[in-house]
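Structure record follows, encoded as structure tokens.
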Amino acid sequence: MFRVLLVGGGTAGHVEPALAVGNWLLTKNEKSENITCEFIGTKSGIENELVPLAGLKLHRILKVPMPRKIEFSILFWPFRFGIAVVQATRIIRSADLVVGFGGYVSAPAYLAAKLSRVPLIIHEANAIPGWANKLGAKFATETLTAFKSTSDYGGDWKSAKLVGMPIREQIFEIGAMGKSERSVIWDSTYRSLGLDRGKRTIFIFGGSLGAQSINKVIEQALPDLLQRNFNIIHGVGRGNQLPKSAPGYFPLPYISNMAELYIASDLIISRGGAVTCAEIAAANAFAIIVPLPVGNGEQVANASDLIDKGCAKLCLNSEFSASWLSSNIDNLMSQAEDWNQKRIPISSKPAAEIIGEIILGHLVGGER
């Protein structure tokens, strides 16, 4: 029996790709019966919600964020980091393989794998590598990336293998759909939401915290957008106040049917998270990307492949306003309609399967 430990935490962008790979390992291959998957996270990340729902055992270690500025707490950081490494070592030492997806939890787990002489594979979800994966890449058995541009950082990343982003299976399947299959889902979704099928539809979402400034802009721009005869589907994000619905405006606290809404939309407005960009690419959709100004600018970089492909436009968060949207929406909708008419089905292998096959190769090749 092979014991695989998946590592990632903090945000869905680290956790969901790991769970997609875990699902493939446990259910989609001939060796599934001989594999167990467990997860390493922290007590405060979204993994505490998503991992149990996926049926995986969750191990928790101390959360030790890298200090971003000089302050008193930095004196205790090495001590806390050491505790996290010891905790991770106890979990990892009997594993056959560690597969890391980034986030604060990953750095101590990577060091624990190195100290325990357990093989390590890392997957970098963003176009710009995070510090934990930069560390892990120095001694990983294999390094994988979601974006082609990540190799431009040279060093350990130059030889990384491009595998794409593991995403939900139902969203990956959209890309291979023809017009007739999309049309059936489009019609069903319009009926279920009560959308006017004679209007073009804008689908807006930004996560939870990332949605707040987008929500304010949409609130200000809404009268104009409705006057222009658009349907507006607006995912406001968990924890944010749900606006009142109106004819043509459909606010939702949480999106549970992303695949259907990607298909039902003519134009998407979203943040530039790695998973979101991968889903937009898989759905063969057209989007306005409003990158959240966090981290090292990875959301701008994440959108670059979509922009180069011609299926996205970038609007910086500082520029995104009701007046900008009012001035540009007709032109952007026209570009979206052109894209939606000419797109062709995508034929490719899911990233979760590609990564899973790499993992199997290491497990079988290193069988004791």
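Letters for chains follow the order of the structure tokens (A, B, ...), residue numbers begin at 1 for each chain, and ligand numbers begin at 1 in the order shown.
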Segment 276-347 of chain A near segment 111-130 of chain A within 9 Å: what's each residue's closest atom pair and its distance in Å to one decimal, counting only C-alpha atoms, ordered by chain then ascending residue number, as a tab-separated table?
residue	atom	partner	partner_atom	distance
A:Gly295	CA	A:Gly130	CA	8.7
A:Asn296	CA	A:Ile128	CA	7.5
A:Gly297	CA	A:Ile128	CA	7.8
A:Glu298	CA	A:Ile128	CA	5.3
A:Gln299	CA	A:Asn126	CA	7.8
A:Val300	CA	A:Ala127	CA	8.8
A:Ala301	CA	A:Ala127	CA	5.6
A:Asn302	CA	A:Ala127	CA	5.2
A:Ala303	CA	A:Ala127	CA	8.7
A:Ser304	CA	A:Ala127	CA	8.8
**Study point:** Selection: 12 Å around segment 174-178 of chain A, only C-alpha atoms, excl. self and same-chain fewer than 3 positions, as a ChimeraX atom specification
**Key:** /A:167-171,181-186,258-264,278-285,340-350
Practice item. Please indicate the distance in Å from atom CA of Ile329 of chain A to atom CA of Lys199 of chain A, rounded to one decimal place. Key: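 Going from atom CA of Ile329 of chain A over to atom CA of Lys199 of chain A covers 14.4 Å.
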Check your understanding: Could you pull the residues within 10 Å of Gly198 of chain A, counting only C-alpha atoms, minus those fewer than 2 positions along the same chain, as a list in words?
Key -> Leu195, Asp196, Arg200, Thr201, Asn229, Phe230 and Asn231 of chain A
Go ahead and save the picked residues with C-alpha atoms, as a short mmCIF file (atom, residue, chain, number, x, y, z; two decimals), in the first residue's frame.
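Once everything was written out, this is out_9.cif:
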data_model
loop_
_atom_site.label_atom_id
_atom_site.label_comp_id
_atom_site.auth_asym_id
_atom_site.auth_seq_id
_atom_site.Cartn_x
_atom_site.Cartn_y
_atom_site.Cartn_z
CA LEU A 195 -32.94 34.52 -17.40
CA ASP A 196 -34.27 36.36 -20.42
CA ARG A 200 -26.58 38.72 -23.39
CA THR A 201 -25.24 37.62 -19.99
CA ASN A 229 -30.26 45.13 -21.59
CA PHE A 230 -27.74 42.69 -20.09
CA ASN A 231 -28.46 39.79 -17.78
#
Check your understanding: Got a sec: who's within 7 Å of Gly8 of chain A, counting only C-alpha atoms, leaving out chain neighbours fewer than 4 positions off, as JSON, numbers by chain?
Key -> {"A": [14, 15, 40, 41, 100, 101, 102, 103, 105, 106]}
Review point. Could you pull out the alpha helix (DSSP H) residues of segment 270-302 of chain A from DSSP and send them as a list in words?
Key: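 After running DSSP on the backbone, segment 270-302 of chain A has alpha helix (DSSP H) at Ala274, Val275, Thr276, Cys277, Ala278, Glu279, Ile280, Ala281, Ala282, Ala283, Glu298, Gln299, Val300, Ala301 and Asn302 of chain A.
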Check your understanding: What is the distance between atom CA of Asp330 of chain A and atom CA of Phe172 of chain A, in Å to one decimal?
Key -> 28.8 Å
Review point. Which is closer to Pro291 of chain A than all the others in A:Thr89, A:Asn34, A:Ser213, A:Ser323, using only C-alpha atoms?
Key: A:Ser213
Review point. Segment 115-346 of chain A: which residues are strand (DSSP E or B) by DSSP, as an NGL selection string?
Key: :A and (120-124 or 142-145 or 161-162 or 200-205 or 230-235 or 246 or 249-252 or 267-270 or 287-289 or 312-314)
Which neighbours of Arg60 of chain A fall inside 10 Å, counting only C-alpha atoms, when residues of the same chain fewer than 6 positions from it are skipped, and could you give them as a short mmCIF file (atom, residue, chain, number, x, y, z; two decimals) with C-alpha atoms, in the first residue's frame?
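And here's out20.cif as it stands now:
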data_model
loop_
_atom_site.label_atom_id
_atom_site.label_comp_id
_atom_site.auth_asym_id
_atom_site.auth_seq_id
_atom_site.Cartn_x
_atom_site.Cartn_y
_atom_site.Cartn_z
CA PHE A 39 -3.53 15.88 3.57
CA ILE A 40 -1.29 18.25 5.55
CA GLY A 41 -2.68 21.71 6.32
CA THR A 42 -3.13 24.14 9.18
CA LYS A 43 -5.98 24.83 11.61
CA SER A 44 -7.08 28.05 9.93
CA GLY A 45 -7.06 27.44 6.17
CA GLU A 47 -8.54 22.97 3.84
CA ASN A 48 -10.45 22.46 7.11
CA ALA A 84 6.21 23.12 12.30
CA GLN A 87 5.30 18.30 13.47
CA ALA A 88 5.50 17.66 9.72
CA ILE A 91 3.53 12.84 9.82
CA VAL A 105 2.11 24.98 5.27
#
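Counting only C-alpha atoms and comparing A:Val99, A:Gly237, A:Arg80, A:Ala221, the residue that lies closest to His362 of chain A is A:Val99.
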**Study point:** Nearest residue to Phe147 of chain A from the set A:Arg197, A:Ala274, A:Glu353, A:Gly365 (distances using only C-alpha atoms)
**Key:** A:Ala274
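Closest to Leu62 of chain A among A:Trp77, A:Ser321, A:Cys37, A:Cys277 is A:Trp77, based on only C-alpha atoms.
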Review point. Looking at only C-alpha atoms, which of A:Ile202, A:Val364, A:Ile232, A:Leu225 is the one that sits closest to Glu337 of chain A?
Key: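 Closest candidate: A:Ile202.
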Practice item. For atom CA of Ile83 of chain A and atom CA of Leu56 of chain A, determine how far apart the two atoms are, in Å to one decimal place. Key: 24.0 Å
Review point. Which residues, written as JSON, numbers by chain, have at least one atom at most 12 Å from Leu26 of chain A, with only C-alpha atoms counted and residues fewer than 2 positions away on the same chain left out?
Key: {"A": [2, 3, 4, 19, 20, 21, 22, 23, 24, 28, 29, 30, 31, 32, 33, 34, 35, 36, 37, 38, 54, 55, 56, 352, 353, 356, 360]}
